[in-house]
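Source file: entry-v3.txt (compact mmCIF, C-alpha atoms and all ligand atoms)
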```
# COMPACT_ATOMS: atom_id res chain seq x y z
CA MET A 1 13.37 1.95 -46.00
CA ARG A 2 13.56 -1.47 -47.61
CA PHE A 3 11.12 -0.33 -50.26
CA TYR A 4 13.32 2.65 -51.19
CA PHE A 5 16.40 0.45 -51.29
CA PHE A 6 14.57 -2.00 -53.58
CA VAL A 7 13.39 0.80 -55.92
CA SER A 8 16.91 2.31 -56.03
CA CYS A 9 18.43 -1.07 -56.94
CA LEU A 10 15.82 -1.58 -59.62
CA GLY A 11 16.49 1.92 -60.99
CA ALA A 12 20.27 1.31 -61.04
CA ALA A 13 19.80 -2.06 -62.77
CA ALA A 14 17.51 -0.47 -65.36
CA ALA A 15 20.09 2.29 -66.00
CA VAL A 16 22.90 -0.24 -66.46
CA LEU A 17 20.73 -2.34 -68.79
CA ALA A 18 19.66 0.71 -70.83
CA SER A 19 23.25 1.90 -71.27
CA ALA A 20 24.39 -1.61 -72.18
CA VAL A 21 21.67 -1.80 -74.85
CA TRP A 22 22.57 1.71 -76.04
CA TRP A 23 26.23 0.73 -76.60
CA VAL A 24 25.84 -2.90 -77.58
CA TRP A 25 22.85 -2.69 -79.89
CA PRO A 26 24.64 -1.02 -82.84
CA VAL A 27 27.41 -3.60 -82.53
CA ILE A 28 24.95 -6.51 -82.63
CA LEU A 29 23.21 -4.97 -85.64
CA ARG A 30 26.52 -4.56 -87.40
CA LEU A 31 27.71 -8.09 -86.65
CA TRP A 32 24.41 -9.36 -87.96
CA ARG A 33 25.01 -7.60 -91.25
CA ILE A 34 28.58 -8.81 -91.81
CA PRO A 35 28.16 -11.36 -94.59
CA GLN A 36 29.79 -14.61 -93.50
CA VAL A 37 30.28 -15.83 -97.05
CA LEU A 38 33.23 -18.17 -97.18
CA VAL A 39 34.77 -18.82 -100.57
CA ASP A 40 34.45 -22.38 -101.80
CA GLY A 41 37.68 -22.59 -103.73
CA LYS A 42 41.03 -20.87 -104.11
CA ASP A 43 42.78 -19.30 -107.10
CA LYS A 44 45.54 -21.42 -108.65
CA ASP A 45 48.10 -18.76 -107.79
CA ALA A 46 46.72 -18.06 -104.31
CA LEU A 47 49.35 -16.86 -101.84
CA ARG A 48 50.20 -19.73 -99.47
CA ILE A 49 50.65 -18.56 -95.89
CA GLY A 50 52.17 -20.55 -93.01
CA ILE A 51 51.34 -19.48 -89.45
CA LEU A 52 53.88 -19.39 -86.60
CA GLY A 53 51.97 -19.80 -83.31
CA ALA A 54 48.43 -21.18 -82.95
CA SER A 55 47.13 -18.04 -81.28
CA PHE A 56 43.85 -16.16 -80.99
CA ILE A 57 45.13 -13.34 -83.16
CA ALA A 58 46.30 -15.80 -85.86
CA ARG A 59 42.69 -17.00 -86.13
CA ALA A 60 41.24 -13.49 -86.52
CA ALA A 61 43.96 -11.88 -88.60
CA VAL A 62 44.77 -14.76 -90.96
CA VAL A 63 42.58 -17.89 -90.77
CA HIS A 64 39.15 -16.22 -90.79
CA ALA A 65 40.32 -13.50 -93.18
CA ALA A 66 41.76 -16.06 -95.65
CA ASP A 67 38.50 -18.05 -95.45
CA LYS A 68 36.82 -15.11 -97.15
CA ARG A 69 39.40 -14.56 -99.91
CA ARG A 70 40.09 -16.69 -102.99
CA ASP A 71 43.60 -15.31 -103.46
CA VAL A 72 45.10 -16.37 -100.10
CA LEU A 73 45.20 -19.76 -98.40
CA VAL A 74 46.66 -21.07 -95.17
CA SER A 75 48.86 -24.03 -96.05
CA ALA A 76 50.42 -24.87 -92.65
CA VAL A 77 50.48 -23.96 -88.97
CA ALA A 78 53.15 -24.47 -86.28
CA ALA A 79 52.77 -24.46 -82.49
CA ARG A 80 55.22 -25.30 -79.74
CA ASP A 81 52.81 -27.95 -78.50
CA TRP A 82 52.05 -30.83 -80.88
CA THR A 83 48.41 -31.35 -79.77
CA LYS A 84 47.70 -27.64 -79.96
CA ALA A 85 49.03 -27.52 -83.53
CA GLU A 86 46.99 -30.55 -84.55
CA THR A 87 43.77 -29.21 -83.00
CA PHE A 88 44.22 -25.80 -84.62
CA ALA A 89 44.86 -27.37 -88.04
CA LYS A 90 41.83 -29.70 -87.76
CA GLN A 91 39.52 -26.93 -86.53
CA HIS A 92 40.38 -24.70 -89.47
CA GLY A 93 40.93 -27.20 -92.27
CA ILE A 94 44.65 -26.39 -92.55
CA PRO A 95 46.31 -29.24 -94.51
CA ALA A 96 49.67 -29.37 -92.64
CA PHE A 97 50.86 -28.75 -89.11
CA HIS A 98 54.06 -28.92 -87.05
CA GLY A 99 54.37 -29.25 -83.29
CA GLY A 100 57.16 -29.41 -80.73
CA ALA A 101 60.48 -27.70 -80.16
CA THR A 102 61.44 -27.51 -83.86
CA ALA A 103 57.93 -26.72 -85.12
CA TYR A 104 58.60 -23.15 -86.26
CA LEU A 105 61.79 -24.13 -88.11
CA ASP A 106 60.05 -27.12 -89.69
CA LEU A 107 57.34 -24.85 -91.04
CA LEU A 108 59.91 -22.39 -92.41
CA ALA A 109 61.54 -25.27 -94.34
CA ARG A 110 58.33 -26.13 -96.22
CA GLU A 111 58.20 -25.55 -99.97
CA ASP A 112 54.44 -25.03 -100.07
CA VAL A 113 54.70 -21.84 -97.96
CA ASP A 114 55.28 -18.52 -99.80
CA ALA A 115 54.92 -16.27 -96.78
CA VAL A 116 54.63 -16.61 -93.03
CA TYR A 117 52.52 -14.80 -90.48
CA VAL A 118 54.54 -13.90 -87.40
CA GLY A 119 51.95 -13.21 -84.68
CA LEU A 120 54.28 -13.97 -81.77
CA PRO A 121 54.82 -11.70 -78.74
CA THR A 122 56.50 -8.50 -79.92
CA HIS A 123 59.91 -9.16 -78.34
CA LEU A 124 60.18 -12.33 -80.50
CA HIS A 125 59.31 -10.61 -83.80
CA LEU A 126 62.85 -9.77 -84.87
CA GLU A 127 64.28 -13.23 -84.21
CA TRP A 128 61.55 -15.11 -86.10
CA THR A 129 61.21 -12.61 -88.93
CA LEU A 130 64.94 -12.85 -89.61
CA ALA A 131 64.65 -16.65 -89.54
CA ALA A 132 61.76 -16.51 -92.03
CA LEU A 133 63.66 -14.20 -94.39
CA ARG A 134 66.68 -16.51 -94.22
CA ALA A 135 64.36 -19.38 -95.19
CA GLY A 136 63.22 -17.40 -98.25
CA LYS A 137 59.74 -16.42 -97.01
CA HIS A 138 57.96 -13.10 -97.15
CA VAL A 139 56.55 -12.04 -93.77
CA LEU A 140 53.28 -10.60 -92.58
CA LEU A 141 54.46 -9.30 -89.21
CA GLU A 142 52.08 -8.43 -86.37
CA LYS A 143 52.08 -4.86 -85.14
CA PRO A 144 54.13 -3.31 -83.67
CA ALA A 145 56.70 -4.82 -86.02
CA VAL A 146 59.64 -4.13 -83.72
CA LEU A 147 60.52 -2.90 -80.23
CA ASN A 148 62.75 -0.03 -81.33
CA MET A 149 64.52 1.68 -84.23
CA GLU A 150 67.63 -0.50 -83.87
CA GLU A 151 65.53 -3.61 -84.57
CA ALA A 152 63.81 -1.81 -87.46
CA LYS A 153 67.19 -1.14 -89.08
CA GLN A 154 68.14 -4.82 -88.80
CA LEU A 155 64.91 -5.80 -90.54
CA ILE A 156 65.34 -3.23 -93.30
CA GLY A 157 68.88 -4.55 -93.89
CA ALA A 158 67.67 -8.14 -94.10
CA MET A 159 64.85 -7.17 -96.47
CA ALA A 160 67.30 -5.45 -98.80
CA GLU A 161 69.66 -8.44 -98.69
CA THR A 162 67.03 -11.11 -99.31
CA LYS A 163 64.75 -9.00 -101.59
CA LEU A 164 61.82 -10.28 -99.56
CA GLN A 165 58.99 -8.33 -97.97
CA VAL A 166 58.25 -7.64 -94.35
CA PHE A 167 54.77 -6.17 -94.24
CA GLU A 168 53.65 -4.82 -90.88
CA ALA A 169 50.12 -5.91 -89.95
CA ALA A 170 48.90 -2.33 -89.47
CA HIS A 171 45.40 -3.58 -90.23
CA HIS A 172 43.64 -0.32 -89.29
CA ARG A 173 45.25 1.35 -92.32
CA TYR A 174 43.47 -0.86 -94.84
CA HIS A 175 39.79 -0.29 -94.01
CA PRO A 176 37.91 2.09 -96.36
CA ALA A 177 36.93 4.34 -93.41
CA ALA A 178 40.58 4.91 -92.44
CA ARG A 179 41.53 5.55 -96.06
CA ARG A 180 38.72 8.07 -96.38
CA PHE A 181 39.91 9.84 -93.23
CA LYS A 182 43.42 10.00 -94.69
CA GLN A 183 42.10 11.27 -98.01
CA LEU A 184 40.17 14.06 -96.28
CA THR A 185 43.07 15.15 -94.08
CA LEU A 186 45.55 15.12 -96.95
CA LYS A 187 43.62 16.50 -99.88
CA GLU A 188 40.82 18.69 -98.64
CA ARG A 189 42.24 20.00 -95.41
CA ASP A 190 45.89 20.59 -96.05
CA VAL A 191 45.34 24.32 -95.78
CA GLY A 192 47.64 25.27 -92.98
CA LEU A 193 47.56 24.74 -89.28
CA SER A 194 45.39 22.10 -87.71
CA ASP A 195 45.25 20.12 -84.50
CA PHE A 196 44.96 16.33 -84.30
CA GLU A 197 43.97 14.07 -81.46
CA ALA A 198 44.31 10.26 -81.34
CA ARG A 199 42.89 8.27 -78.43
CA PHE A 200 42.78 4.61 -77.48
CA SER A 201 41.36 3.94 -74.04
CA MET A 202 40.23 0.41 -73.29
CA LEU A 203 39.93 -1.13 -69.84
CA ASP A 204 42.29 -4.05 -69.41
CA PRO A 205 41.23 -6.58 -66.74
CA LYS A 206 44.88 -7.41 -65.94
CA ALA A 207 45.74 -3.75 -65.35
CA LEU A 208 42.64 -3.30 -63.18
CA LEU A 209 43.46 -6.38 -61.13
CA SER A 210 46.99 -5.09 -60.44
CA ILE A 211 45.57 -1.74 -59.34
CA PHE A 212 42.99 -3.35 -56.99
CA LYS A 213 45.64 -5.63 -55.50
CA GLU A 214 47.83 -2.60 -54.87
CA LEU A 215 44.95 -0.73 -53.22
CA LEU A 216 44.25 -3.73 -50.99
CA GLY A 217 47.94 -4.00 -50.17
CA ILE A 218 48.16 -7.60 -51.44
CA SER A 219 50.28 -7.04 -54.55
CA LYS A 220 53.69 -8.61 -55.01
CA PRO A 221 56.56 -6.27 -55.88
CA VAL A 222 56.70 -5.55 -59.62
CA THR A 223 59.78 -7.26 -61.05
CA GLN A 224 61.76 -6.00 -64.04
CA GLU A 225 60.31 -8.91 -66.02
CA ASP A 226 56.72 -7.88 -65.08
CA ARG A 227 57.44 -4.28 -66.04
CA PHE A 228 58.90 -5.35 -69.38
CA HIS A 229 55.69 -7.25 -70.23
CA GLU A 230 53.49 -4.39 -68.99
CA ARG A 231 55.38 -1.98 -71.22
CA ILE A 232 54.99 -4.33 -74.19
CA LYS A 233 51.22 -4.35 -73.56
CA ASN A 234 51.29 -0.54 -73.41
CA LEU A 235 53.18 -0.48 -76.71
CA ASP A 236 50.68 -2.90 -78.26
CA ARG A 237 47.93 -0.25 -77.85
CA TRP A 238 50.01 2.95 -77.87
CA TYR A 239 51.27 1.93 -81.30
CA TYR A 240 47.78 2.46 -82.80
CA CYS A 241 47.67 6.13 -81.72
CA VAL A 242 51.11 6.92 -83.12
CA ASP A 243 50.79 4.89 -86.32
CA MET A 244 47.31 6.10 -87.24
CA LEU A 245 48.30 9.69 -86.59
CA LEU A 246 51.50 9.58 -88.67
CA TRP A 247 50.09 7.49 -91.50
CA SER A 248 46.77 9.32 -91.89
CA THR A 249 48.23 12.82 -91.68
CA GLY A 250 51.06 12.07 -94.10
CA ALA A 251 53.55 13.32 -91.48
CA ILE A 252 57.19 13.03 -92.48
CA ASP A 253 58.62 13.79 -89.04
CA ALA A 254 57.51 14.77 -85.54
CA GLU A 255 59.03 16.64 -82.64
CA VAL A 256 58.07 15.61 -79.11
CA ILE A 257 56.80 18.54 -77.04
CA PHE A 258 55.60 16.53 -74.05
CA ALA A 259 55.55 12.83 -73.12
CA LYS A 260 54.49 10.86 -70.06
CA GLU A 261 54.39 7.10 -69.46
CA ASP A 262 52.64 5.79 -66.36
CA ARG A 263 52.27 2.14 -65.51
CA PHE A 264 49.21 1.60 -67.74
CA SER A 265 48.94 4.79 -69.79
CA ILE A 266 50.94 7.01 -72.13
CA SER A 267 50.26 10.54 -73.36
CA ALA A 268 52.19 12.86 -75.63
CA THR A 269 52.03 16.13 -77.51
CA LEU A 270 53.77 16.33 -80.86
CA LYS A 271 54.53 18.91 -83.51
CA LEU A 272 53.97 17.16 -86.81
CA GLN A 273 55.90 18.01 -89.93
CA ARG A 274 53.94 17.44 -93.12
CA SER A 275 55.30 18.16 -96.58
CA ALA A 276 53.58 21.52 -96.91
CA SER A 277 52.47 22.34 -93.38
CA THR A 278 52.88 21.70 -89.69
CA ALA A 279 50.28 20.55 -87.17
CA THR A 280 50.02 19.88 -83.47
CA ALA A 281 48.84 16.54 -82.13
CA THR A 282 47.89 15.07 -78.77
CA LEU A 283 47.90 11.34 -78.19
CA TYR A 284 46.45 9.35 -75.32
CA MET A 285 46.41 5.63 -74.53
CA ALA A 286 45.11 4.08 -71.32
CA ARG A 287 44.39 0.60 -70.02
CA ASP A 288 43.21 1.77 -66.61
CA ASN A 289 40.84 4.69 -67.16
CA LEU A 290 37.55 3.77 -65.49
CA TRP A 291 35.94 6.98 -66.73
CA GLU A 292 36.76 6.19 -70.35
CA PRO A 293 36.24 2.41 -70.62
CA PHE A 294 36.30 2.43 -74.42
CA SER A 295 37.28 5.03 -76.97
CA TRP A 296 39.29 4.59 -80.12
CA SER A 297 39.24 7.69 -82.26
CA ILE A 298 41.20 10.15 -84.32
CA ALA A 299 40.14 13.74 -84.94
CA GLU A 300 41.35 16.82 -86.75
CA HIS A 301 40.28 20.33 -85.74
CA GLY A 302 40.93 23.33 -87.97
CA LEU A 303 42.77 26.05 -86.06
CA ALA A 304 41.91 28.85 -88.47
CA ASP A 305 38.32 27.72 -88.93
CA LYS A 306 37.33 26.54 -85.45
CA ALA A 307 33.99 25.16 -86.65
CA SER A 308 35.58 22.65 -88.99
CA SER A 309 36.56 19.21 -87.81
CA LEU A 310 36.89 15.63 -88.89
CA GLN A 311 36.52 12.68 -86.57
CA LEU A 312 36.73 8.93 -87.14
CA HIS A 313 35.25 6.86 -84.34
CA ASN A 314 36.60 3.36 -83.75
CA PHE A 315 39.43 3.32 -86.24
CA GLY A 316 40.77 0.07 -84.76
CA PHE A 317 37.94 -2.32 -85.56
CA PRO A 318 35.76 -0.30 -87.96
CA PHE A 319 34.07 -3.39 -89.40
CA VAL A 320 32.00 -3.58 -86.22
CA TRP A 321 31.13 0.01 -85.55
CA HIS A 322 32.54 3.26 -86.84
CA ARG A 323 31.46 6.69 -88.00
CA LEU A 324 33.25 9.48 -89.81
CA ASP A 325 31.90 12.92 -88.82
CA VAL A 326 32.78 15.90 -90.99
CA ALA A 327 31.87 19.33 -89.58
CA SER A 328 32.10 22.31 -91.86
CA ALA A 329 30.39 25.71 -91.83
CA GLY A 330 28.17 24.69 -88.92
CA LYS A 331 26.95 21.52 -90.63
CA ILE A 332 27.86 17.97 -89.62
CA THR A 333 27.68 15.12 -92.09
CA SER A 334 28.43 11.52 -91.21
CA GLU A 335 29.68 8.67 -93.35
CA GLN A 336 30.04 4.94 -92.80
CA LEU A 337 32.08 2.95 -95.25
CA TYR A 338 31.43 -0.69 -94.63
CA GLY A 339 31.95 -1.88 -98.20
CA ALA A 340 30.69 -5.45 -98.31
CA GLY A 341 31.41 -5.91 -94.60
CA GLU A 342 35.05 -6.97 -95.01
CA THR A 343 37.16 -6.81 -91.86
CA THR A 344 40.39 -4.82 -91.63
CA PHE A 345 42.17 -8.19 -91.63
CA GLU A 346 40.61 -9.22 -94.95
CA HIS A 347 41.61 -5.91 -96.54
CA GLN A 348 45.10 -6.30 -95.08
CA LEU A 349 45.59 -9.75 -96.64
CA GLY A 350 44.61 -8.27 -100.02
CA PHE A 351 47.22 -5.50 -99.70
CA PHE A 352 49.85 -7.98 -98.48
CA ARG A 353 49.28 -10.30 -101.42
CA GLN A 354 49.31 -7.40 -103.86
CA SER A 355 52.58 -6.00 -102.51
CA ILE A 356 54.24 -9.41 -102.89
CA ARG A 357 52.88 -10.03 -106.36
CA ASN A 358 53.83 -6.51 -107.51
CA GLN A 359 57.28 -6.98 -105.98
CA GLU A 360 57.07 -3.56 -104.41
CA PRO A 361 60.34 -2.29 -102.99
CA PRO A 362 60.91 -3.12 -99.32
CA ASP A 363 60.61 0.52 -98.30
CA ALA A 364 57.19 0.92 -99.96
CA LYS A 365 55.49 3.72 -98.05
CA GLU A 366 52.22 1.83 -97.63
CA SER A 367 53.72 -0.83 -95.42
CA SER A 368 56.62 1.08 -93.89
CA PHE A 369 57.04 0.80 -90.13
CA LEU A 370 60.13 3.01 -89.87
CA LEU A 371 58.70 6.41 -89.04
CA THR A 372 56.26 5.04 -86.47
CA ILE A 373 58.92 3.23 -84.44
CA GLN A 374 61.30 6.18 -84.70
CA ILE A 375 58.69 8.50 -83.17
CA ILE A 376 57.68 5.90 -80.55
CA ASP A 377 61.35 5.69 -79.48
CA ARG A 378 61.51 9.48 -79.23
CA ILE A 379 58.32 9.66 -77.16
CA LEU A 380 59.41 6.94 -74.73
CA GLU A 381 62.83 8.55 -74.36
CA ALA A 382 61.24 11.95 -73.71
CA SER A 383 58.90 10.42 -71.11
CA GLY A 384 61.93 9.38 -69.08
CA SER A 385 61.13 5.63 -69.21
CA GLY A 386 63.45 5.01 -72.12
CA MET A 387 62.81 3.14 -75.36
CA LEU A 388 61.91 -0.55 -75.22
CA LYS A 389 64.80 -2.98 -75.47
CA THR A 390 64.99 -6.75 -75.39
CA ARG A 391 66.28 -7.95 -72.06
N1 LIG A 401 45.99 -6.99 -84.67
C1 LIG A 401 45.40 -7.18 -83.51
O1 LIG A 401 44.22 -6.91 -83.34
C2 LIG A 401 46.20 -7.74 -82.39
C3 LIG A 401 47.58 -7.83 -82.49
N2 LIG A 401 48.32 -8.37 -81.48
C4 LIG A 401 49.77 -8.47 -81.66
O2 LIG A 401 50.06 -9.85 -81.88
C5 LIG A 401 51.27 -10.22 -81.27
C6 LIG A 401 51.01 -11.36 -80.30
O3 LIG A 401 50.33 -10.87 -79.18
P1 LIG A 401 49.46 -11.79 -78.24
O4 LIG A 401 48.38 -12.42 -79.07
O5 LIG A 401 49.08 -11.02 -77.07
O6 LIG A 401 50.57 -12.87 -77.83
P2 LIG A 401 50.39 -14.27 -77.14
O7 LIG A 401 51.03 -14.19 -75.81
O8 LIG A 401 48.98 -14.74 -77.24
O9 LIG A 401 51.35 -15.17 -78.06
C7 LIG A 401 51.03 -15.51 -79.38
C8 LIG A 401 51.64 -16.86 -79.69
O10 LIG A 401 53.05 -16.79 -79.69
C9 LIG A 401 53.57 -18.11 -79.50
N3 LIG A 401 54.80 -18.03 -78.66
C10 LIG A 401 56.02 -18.42 -79.05
N4 LIG A 401 56.93 -18.21 -78.10
C11 LIG A 401 56.27 -17.69 -77.05
C12 LIG A 401 56.67 -17.27 -75.75
N5 LIG A 401 57.92 -17.33 -75.34
N6 LIG A 401 55.70 -16.79 -74.95
C13 LIG A 401 54.42 -16.69 -75.34
N7 LIG A 401 54.00 -17.07 -76.57
C14 LIG A 401 54.91 -17.57 -77.42
C15 LIG A 401 52.44 -18.94 -78.89
O11 LIG A 401 52.04 -19.88 -79.87
P3 LIG A 401 52.22 -21.47 -79.74
O12 LIG A 401 52.27 -21.80 -78.28
O13 LIG A 401 51.00 -21.96 -80.42
O14 LIG A 401 53.46 -21.83 -80.45
C16 LIG A 401 51.33 -17.94 -78.67
O15 LIG A 401 50.05 -18.43 -78.91
C17 LIG A 401 51.82 -8.97 -80.60
O16 LIG A 401 52.75 -8.38 -81.45
C18 LIG A 401 50.59 -8.08 -80.44
O17 LIG A 401 50.92 -6.72 -80.44
C19 LIG A 401 47.71 -8.89 -80.39
C20 LIG A 401 46.36 -8.83 -80.23
C21 LIG A 401 45.49 -8.21 -81.21
O1 LIG A 402 45.80 -4.96 -81.28
C1 LIG A 402 45.02 -4.89 -80.36
O2 LIG A 402 43.79 -4.44 -80.57
C2 LIG A 402 42.74 -4.71 -79.71
C3 LIG A 402 43.13 -4.81 -78.28
O3 LIG A 402 42.10 -5.41 -77.59
C4 LIG A 402 44.38 -5.58 -78.09
O4 LIG A 402 44.86 -5.42 -76.78
C5 LIG A 402 45.45 -5.20 -79.01
O5 LIG A 402 46.43 -6.19 -79.02
```

Translate the structure described by the file into structure tokens.
Amino acid sequence: MRFYFFVSCLGAAAAVLASAVWWVWPVILRLWRIPQVLVDGKDKDALRIGILGASFIARAAVVHAADKRRDVLVSAVAARDWTKAETFAKQHGIPAFHGGATAYLDLLAREDVDAVYVGLPTHLHLEWTLAALRAGKHVLLEKPAVLNMEEAKQLIGAMAETKLQVFEAAHHRYHPAARRFKQLTLKERDVGLSDFEARFSMLDPKALLSIFKELLGISKPVTQEDRFHERIKNLDRWYYCVDMLLWSTGAIDAEVIFAKEDRFSISATLKLQRSASTATATLYMARDNLWEPFSWSIAEHGLADKASSLQLHNFGFPFVWHRLDVASAGKITSEQLYGAGETTFEHQLGFFRQSIRNQEPPDAKESSFLLTIQIIDRILEASGSGMLKTR
């Protein structure tokens, strides 16, 4: 009996190890190949970015990305805690820092900052982006830019008034693989009806913990404040499905056919309006799906020609692992577009700098966040939970 138990455990361990290697190995190989070449100087007219909040995402989206570009530099950082600001600045060779209660305002008053990165929690985006615009700074604003359409309108108004840019950090849009997907859906496949599917399922330890506590009967009642933050976390991921779908398909509007928001998941069915055609789309985001611990993909299926399809795997972080599969006439071809290994964040900084230098109009399609938030509002309203509002 013991022997069989031992063999079964060994077998289970081997299966877990084999599947871990199967999933992790391509990622390790890819990370290995990402050239970590940091530039050793900056252009004279490099864009000078100041960072509000010494956060994890500020490191990935701005500090590390700027380290690999000559045309962007980080000139200052601000954190609510003085020591945190100082440590962050020292760790990353940032020449100036501000800490304490007035830190963010002090940074906004600096003359050696052309633009600021607002990577604060989403419900604080509007307040600090308006403050940055008032201080004469362009803004690279973390996604989702705003909580709802009302906030979007306020930002658009302030952009028009100040003639400054608010560029949403929709980083997934700027990787060559995403742009290829968009090119294929727009140019080669705009032949009538098609069906899209966008998915982002990623297990979230916090969501799982809440579920286990509930099952064990040891959870505290969920307060309105808890629910607000849970919904913001849902929006953080749900945003990718809606934005990638609308941006890559060139949709100009969408009608909500079905929508459902649970505590840690959202799904919807849409009818997309494109300039010359319509399409159906299903979207799915989950933070609690044990059977789908990780998937991040967008696909198009031809309705007239059932054998034709297009699928981009891992559109969120394609610098680590992605694949674009094109199926046509019974043949599948795959592409991977790593370029020189640049991350989505590096590409994004390039586009941000370019849009400031070219003085593109504030409603430039490339960086527009209007349609996405309008459709998100509609979906949340249709689900019965209502759109997100600041408390
Ligand atoms: N592009 C991407 O891959 C990702 C994007 N995001 C987006 O980035 C934004 C930030 O999200 P996330 O990193 O989870 O946020 P965090 O909770 O980590 O907050 C980010 C920073 O905001 C500052 N902050 C200022 N006021 C507050 C406050 N009242 N409560 C908490 N923090 C505050 C803190 O900086 P300090 O204390 O130093 O001043 C903190 O480090 C969101 O819009 C999210 O959607 C998030 C993760 C990944
Ligand atoms: O933007 C994001 O992308 C990756 C996720 O892990 C994270 O929750 C989200 O903020």

Surroundings of ligand LIG 401 (chain A) up to 10 Å, based on only C-alpha atoms and all ligand atoms, as a ChimeraX atom specification: /A:51-58,60-61,77-85,88,98-101,103-104,118-125,128,141-147,169-172,232-237,239-240,316-317,344-345

Fewer than 5 positions away in the same chain doesn't count, so skip those; otherwise give me all residues within 10 Å of Glu150 in chain A, counting all atoms listed in the file, as a CSV table (one decimal) with C-alpha atoms, keeping the file's coordinate frame.
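As a result, selection.csv now contains:
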```csv
chain,number,residue,atom,x,y,z
A,155,LEU,CA,64.9,-5.8,-90.5
A,373,ILE,CA,58.9,3.2,-84.4
A,374,GLN,CA,61.3,6.2,-84.7
A,377,ASP,CA,61.4,5.7,-79.5
A,389,LYS,CA,64.8,-3.0,-75.5
```

Nearest to Arg69 in chain A by atom-to-atom distance, counting only C-alpha atoms, from A:Phe294, A:Tyr174, A:Phe351, A:Trp25: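 Distance minimum relative to Arg69 in chain A lands on A:Phe351.
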
Residue neighbourhood Phe196 in chain A, 9 Å, all atoms listed in the file, exclusion window fewer than 2 positions, as an MDAnalysis selection string: chainID A and resid 194 198 245 249 279:283 298:302

Need the axis-aligned box for range 254-266 of chain A with 8 Å each side, so what are the centre and edges in Å to one decimal, as AutoDock Vina command-line options?
```
--center_x 54.0 --center_y 10.1 --center_z -75.5 --size_x 26.1 --size_y 32.9 --size_z 36.0
```

I'd like the contact shell of Phe228 in chain A - 9 Å cut-off, all atoms listed in the file, skipping same-chain residues fewer than 6 positions apart - returned as a compact mmCIF listing (two decimals) with C-alpha atoms, in the coordinates of the input.
```
# COMPACT_ATOMS: atom_id res chain seq x y z
CA LEU A 388 61.91 -0.55 -75.22
CA LYS A 389 64.80 -2.98 -75.47
CA THR A 390 64.99 -6.75 -75.39
CA ARG A 391 66.28 -7.95 -72.06
```

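With all atoms listed in the file as the atoms that count, the residue of A:His322, A:Lys365, A:Arg70, A:Arg199 with the shortest distance to Tyr338 in chain A is A:His322.
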
Test item: which residues lie within 9 Å of (43.1, -11.7, -105.2) counting only C-alpha atoms, as a PyMOL selection string: chain A and resi 43+46-47+69-72+350+353-354

Interatomic distance, CA of Glu292 in chain A to CA of Met202 in chain A (Å, one decimal): 7.4 Å

Neighbours of Pro361 in chain A within 12 Å (all atoms listed in the file; same-chain residues fewer than 3 positions away dropped), as a PDB file with C-alpha atoms, in the frame of the given file?
```pdb
ATOM      1  CA  ILE A 156      65.340  -3.230 -93.300  1.00  0.00           C
ATOM      2  CA  MET A 159      64.850  -7.170 -96.470  1.00  0.00           C
ATOM      3  CA  ALA A 160      67.300  -5.450 -98.800  1.00  0.00           C
ATOM      4  CA  GLU A 161      69.660  -8.440 -98.690  1.00  0.00           C
ATOM      5  CA  THR A 162      67.030 -11.110 -99.310  1.00  0.00           C
ATOM      6  CA  LYS A 163      64.750  -9.000-101.590  1.00  0.00           C
ATOM      7  CA  LEU A 164      61.820 -10.280 -99.560  1.00  0.00           C
ATOM      8  CA  GLN A 165      58.990  -8.330 -97.970  1.00  0.00           C
ATOM      9  CA  VAL A 166      58.250  -7.640 -94.350  1.00  0.00           C
ATOM     10  CA  PHE A 167      54.770  -6.170 -94.240  1.00  0.00           C
ATOM     11  CA  SER A 355      52.580  -6.000-102.510  1.00  0.00           C
ATOM     12  CA  ILE A 356      54.240  -9.410-102.890  1.00  0.00           C
ATOM     13  CA  ARG A 357      52.880 -10.030-106.360  1.00  0.00           C
ATOM     14  CA  ASN A 358      53.830  -6.510-107.510  1.00  0.00           C
ATOM     15  CA  ALA A 364      57.190   0.920 -99.960  1.00  0.00           C
ATOM     16  CA  LYS A 365      55.490   3.720 -98.050  1.00  0.00           C
ATOM     17  CA  GLU A 366      52.220   1.830 -97.630  1.00  0.00           C
ATOM     18  CA  SER A 367      53.720  -0.830 -95.420  1.00  0.00           C
ATOM     19  CA  SER A 368      56.620   1.080 -93.890  1.00  0.00           C
TER      20      SER A 368
END
```

Interatomic distance, CA of Arg231 in chain A to CA of Lys153 in chain A (Å, one decimal):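 Value for the CA of Arg231 in chain A-CA of Lys153 in chain A distance: 21.4 Å.
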